[in-house]
Amino acid sequence: MSPLYCALVHHPVRDRDGHPVTTAVTNLDVHDIARSARTYGLRGYFVVTPIEAQRALVERILEHWRTGAGARRVPERTVALSLVRIVESVEEARAEVARREGRAPRVVATAAREAPGVEVRSFADEAARLRSGDEPTLLLFGTGHGLVDDTLRSAHALLEPIRAGADYNHLSVRAAVAICLDRLIGERE
C-alpha cells in the first residue's frame, strides 16, 4: 500500500463567487478528520493555514486532545490527533511528506467540480494505484467552496467528484474526507 497523507487546505480556497480566500479552522474538522485518518491508516494529516492565529488555535485543540483533559478522558483520540501537523502552505505539506518518505509525493486533489487540464481519476482506479504501489500520495481537500484552480492544476490528478445521485451537492469537508477514504482504502467484498 502506498503511504497516504491528507491535507485540509484553508488557503488558497474559493469563496462563493470563486475568488481566492482564506477560511477559518474549525475544531470539528481538525478532530473528526484526524479520527478518519487514523481509522484508515493514513501516515499524516496536515492542516494548512497561513494565519498565525489559526495555527495557534489548532495547537490549543491538539494540546487538549494530546496532553490535556481530552487525552485523559478519551485516550484513543490522542492517537488520532498525533497524526495532525500544522503547516502554512500546501508546498510545506508536500515537503514534509518528501522528507518523511524520501521522495516527493504524488498529489491528488479533490473537488466537487472538474478542472480543465487535470486528469480525473475514478475512485476505483486511484484505489488500485494506492494498493499496488509504494509512491507516497498526498490527498488535498479544500474548505470554503473548494481548492483554487491553480492548486487543482498543480496536482498530478483530480479525484472524481462524489456523486450522491441527488440535486444537492454540498457535503461538509469532514464527511467528504470520510467518504473518499472509504472509497479509496475501505474494505471491499
# chains A, B, ... in the order shown; residues from 1 in each chain; ligands from 1
call {"tool": "residues_around", "arguments": {"residues": "A:Gln54", "least_positions_apart": "4", "cutoff": "7 Å", "atoms": "only C-alpha atoms", "output": "PyMOL selection string"}}
result
chain A and resi 25+49+58
call {"tool": "write_last_selection", "arguments": {"atoms": "N, CA, C and O atoms", "output": "compact mmCIF listing (two decimals), in the first residue's frame"}}
result
# COMPACT_ATOMS: atom_id res chain seq x y z
N VAL A 25 -10.35 27.84 10.51
CA VAL A 25 -10.22 26.47 11.01
C VAL A 25 -11.38 26.20 11.96
O VAL A 25 -11.80 27.08 12.71
N THR A 49 -2.91 26.41 6.88
CA THR A 49 -3.38 27.78 7.01
C THR A 49 -2.20 28.72 7.20
O THR A 49 -1.31 28.45 8.00
N VAL A 58 -5.32 25.73 16.36
CA VAL A 58 -5.14 24.29 16.14
C VAL A 58 -4.22 23.72 17.21
O VAL A 58 -4.47 22.64 17.74
call {"tool": "closest_atom_pairs", "arguments": {"of": "stretch 21-47 of chain A", "to": "stretch 91-96 of chain A", "cutoff": "12 Å", "atoms": "only C-alpha atoms", "output": "CSV"}}
result
residue,atom,partner,partner_atom,distance
A:Arg43,CA,A:Glu96,CA,11.6
A:Gly44,CA,A:Ala93,CA,9.8
A:Tyr45,CA,A:Ala93,CA,9.1
A:Phe46,CA,A:Ala93,CA,6.6
A:Val47,CA,A:Ala93,CA,8.8
call {"tool": "residues_around", "arguments": {"residues": "A:Leu57", "least_positions_apart": "2", "cutoff": "12 Å", "atoms": "only C-alpha atoms", "output": "MDAnalysis selection string"}}
result
chainID A and resid 24:27 30 47 49 51:55 59:64 86
call {"tool": "write_last_selection", "arguments": {"atoms": "C-alpha atoms", "output": "PDB file, in the first residue's frame"}}
result
ATOM      1  CA  ALA A  24     -11.318  29.680   9.323  1.00  0.00           C
ATOM      2  CA  VAL A  25     -10.220  26.473  11.008  1.00  0.00           C
ATOM      3  CA  THR A  26     -12.932  24.592  12.898  1.00  0.00           C
ATOM      4  CA  ASN A  27     -12.485  22.286  15.870  1.00  0.00           C
ATOM      5  CA  VAL A  30      -9.414  19.055  12.978  1.00  0.00           C
ATOM      6  CA  VAL A  47      -3.993  21.412   8.470  1.00  0.00           C
ATOM      7  CA  THR A  49      -3.381  27.781   7.010  1.00  0.00           C
ATOM      8  CA  ILE A  51      -2.771  32.666   9.500  1.00  0.00           C
ATOM      9  CA  GLU A  52      -0.745  32.529  12.709  1.00  0.00           C
ATOM     10  CA  ALA A  53      -3.803  32.931  14.974  1.00  0.00           C
ATOM     11  CA  GLN A  54      -5.484  29.968  13.245  1.00  0.00           C
ATOM     12  CA  ARG A  55      -2.358  27.824  13.675  1.00  0.00           C
ATOM     13  CA  GLU A  59      -2.261  23.972  18.634  1.00  0.00           C
ATOM     14  CA  ARG A  60      -4.719  24.555  21.505  1.00  0.00           C
ATOM     15  CA  ILE A  61      -7.115  21.964  20.096  1.00  0.00           C
ATOM     16  CA  LEU A  62      -4.269  19.454  19.744  1.00  0.00           C
ATOM     17  CA  GLU A  63      -2.960  20.179  23.233  1.00  0.00           C
ATOM     18  CA  HIS A  64      -6.411  19.416  24.685  1.00  0.00           C
ATOM     19  CA  ILE A  86       0.026  22.328  11.124  1.00  0.00           C
TER      20      ILE A  86
END
call {"tool": "closest_residue", "arguments": {"among": "A:Ala178, A:Ala69, A:Ala128, A:Val118", "to": "A:Leu152", "atoms": "only C-alpha atoms"}}
result
A:Val118
call {"tool": "select_by_dssp", "arguments": {"residues": "stretch 47-155 of chain A", "states": "strand (DSSP E or B)", "output": "list in words"}}
result
Val47, Val48, Val84, Arg85, Ile86, Val87, Arg106, Val107, Val108, Ala109, Thr110, Val120, Arg121, Thr137, Leu138, Leu139, Leu140, Phe141, Gly142 and Leu147 of chain A
call {"tool": "atom_distance", "arguments": {"atom1": "atom CA of A:Thr143", "atom2": "atom CA of A:Leu159"}}
result
15.8 Å
call {"tool": "closest_residue", "arguments": {"among": "A:Thr110, A:Thr67, A:Thr23, A:Ser36", "to": "A:Ser122", "atoms": "only C-alpha atoms"}}
result
A:Thr110
call {"tool": "residues_around", "arguments": {"residues": "A:Arg153", "least_positions_apart": "2", "cutoff": "12 Å", "atoms": "only C-alpha atoms", "output": "ChimeraX atom specification"}}
result
/A:107-111,114-120,147-151,155-158
call {"tool": "residues_around", "arguments": {"residues": "A:Ile185", "least_positions_apart": "2", "cutoff": "9 Å", "atoms": "only C-alpha atoms", "output": "list in words"}}
result
Tyr40, Gly41, Ala127, Leu130, Arg131, Cys180, Leu181, Asp182, Arg183, Glu187 and Arg188 of chain A
call {"tool": "write_last_selection", "arguments": {"atoms": "N, CA, C and O atoms", "output": "JSON list (two decimals), in the first residue's frame"}}
result
[["chain", "number", "residue", "atom", "x", "y", "z"],
["A", 40, "TYR", "N", -8.37, 4.89, 8.84],
["A", 40, "TYR", "CA", -7.99, 4.35, 7.54],
["A", 40, "TYR", "C", -6.48, 4.22, 7.36],
["A", 40, "TYR", "O", -6.02, 3.94, 6.26],
["A", 41, "GLY", "N", -5.72, 4.41, 8.42],
["A", 41, "GLY", "CA", -4.29, 4.12, 8.37],
["A", 41, "GLY", "C", -3.42, 5.13, 7.66],
["A", 41, "GLY", "O", -2.33, 4.78, 7.18],
["A", 127, "ALA", "N", -7.83, 3.82, -6.17],
["A", 127, "ALA", "CA", -7.70, 2.79, -5.14],
["A", 127, "ALA", "C", -6.74, 1.69, -5.58],
["A", 127, "ALA", "O", -5.89, 1.24, -4.81],
["A", 130, "LEU", "N", -3.19, 2.99, -5.36],
["A", 130, "LEU", "CA", -2.72, 3.03, -3.97],
["A", 130, "LEU", "C", -2.37, 1.63, -3.46],
["A", 130, "LEU", "O", -1.36, 1.45, -2.77],
["A", 131, "ARG", "N", -3.21, 0.65, -3.78],
["A", 131, "ARG", "CA", -2.98, -0.73, -3.31],
["A", 131, "ARG", "C", -1.74, -1.36, -3.94],
["A", 131, "ARG", "O", -1.06, -2.16, -3.31],
["A", 180, "CYS", "N", -14.32, 9.70, 0.83],
["A", 180, "CYS", "CA", -13.19, 9.46, -0.08],
["A", 180, "CYS", "C", -12.26, 8.38, 0.47],
["A", 180, "CYS", "O", -11.86, 7.47, -0.26],
["A", 181, "LEU", "N", -11.92, 8.47, 1.76],
["A", 181, "LEU", "CA", -11.03, 7.46, 2.34],
["A", 181, "LEU", "C", -11.66, 6.08, 2.29],
["A", 181, "LEU", "O", -10.98, 5.09, 1.99],
["A", 182, "ASP", "N", -12.95, 5.99, 2.55],
["A", 182, "ASP", "CA", -13.59, 4.69, 2.49],
["A", 182, "ASP", "C", -13.60, 4.14, 1.06],
["A", 182, "ASP", "O", -13.32, 2.96, 0.84],
["A", 183, "ARG", "N", -13.88, 4.98, 0.10],
["A", 183, "ARG", "CA", -13.88, 4.53, -1.30],
["A", 183, "ARG", "C", -12.49, 4.14, -1.78],
["A", 183, "ARG", "O", -12.35, 3.25, -2.61],
["A", 187, "GLU", "N", -12.49, -1.58, 3.22],
["A", 187, "GLU", "CA", -12.62, -2.99, 2.85],
["A", 187, "GLU", "C", -13.69, -3.17, 1.79],
["A", 187, "GLU", "O", -14.72, -2.52, 1.81],
["A", 188, "ARG", "N", -13.42, -4.07, 0.87],
["A", 188, "ARG", "CA", -14.37, -4.41, -0.20],
["A", 188, "ARG", "C", -14.60, -5.90, -0.19],
["A", 188, "ARG", "O", -13.71, -6.68, 0.15]]
call {"tool": "atom_distance", "arguments": {"atom1": "atom CA of A:Ala166", "atom2": "atom CA of A:Gly146"}}
result
19.4 Å
call {"tool": "residues_around", "arguments": {"residues": "A:Ala98", "least_positions_apart": "4", "cutoff": "12 Å", "atoms": "only C-alpha atoms", "output": "list in words"}}
result
Pro3, Leu4, Tyr5, Glu91, Glu92, Ala93, Arg94, Gly102, Arg103, Ala104, Pro105, Arg106, Val107, Glu135, Pro136, Thr137 and Leu138 of chain A
call {"tool": "select_by_dssp", "arguments": {"residues": "stretch 2-183 of chain A", "states": "helix (DSSP H, G or I)", "output": "PyMOL selection string"}}
result
chain A and resi 27-39+52-66+69-73+75-81+90-101+123-132+149-154+173-183
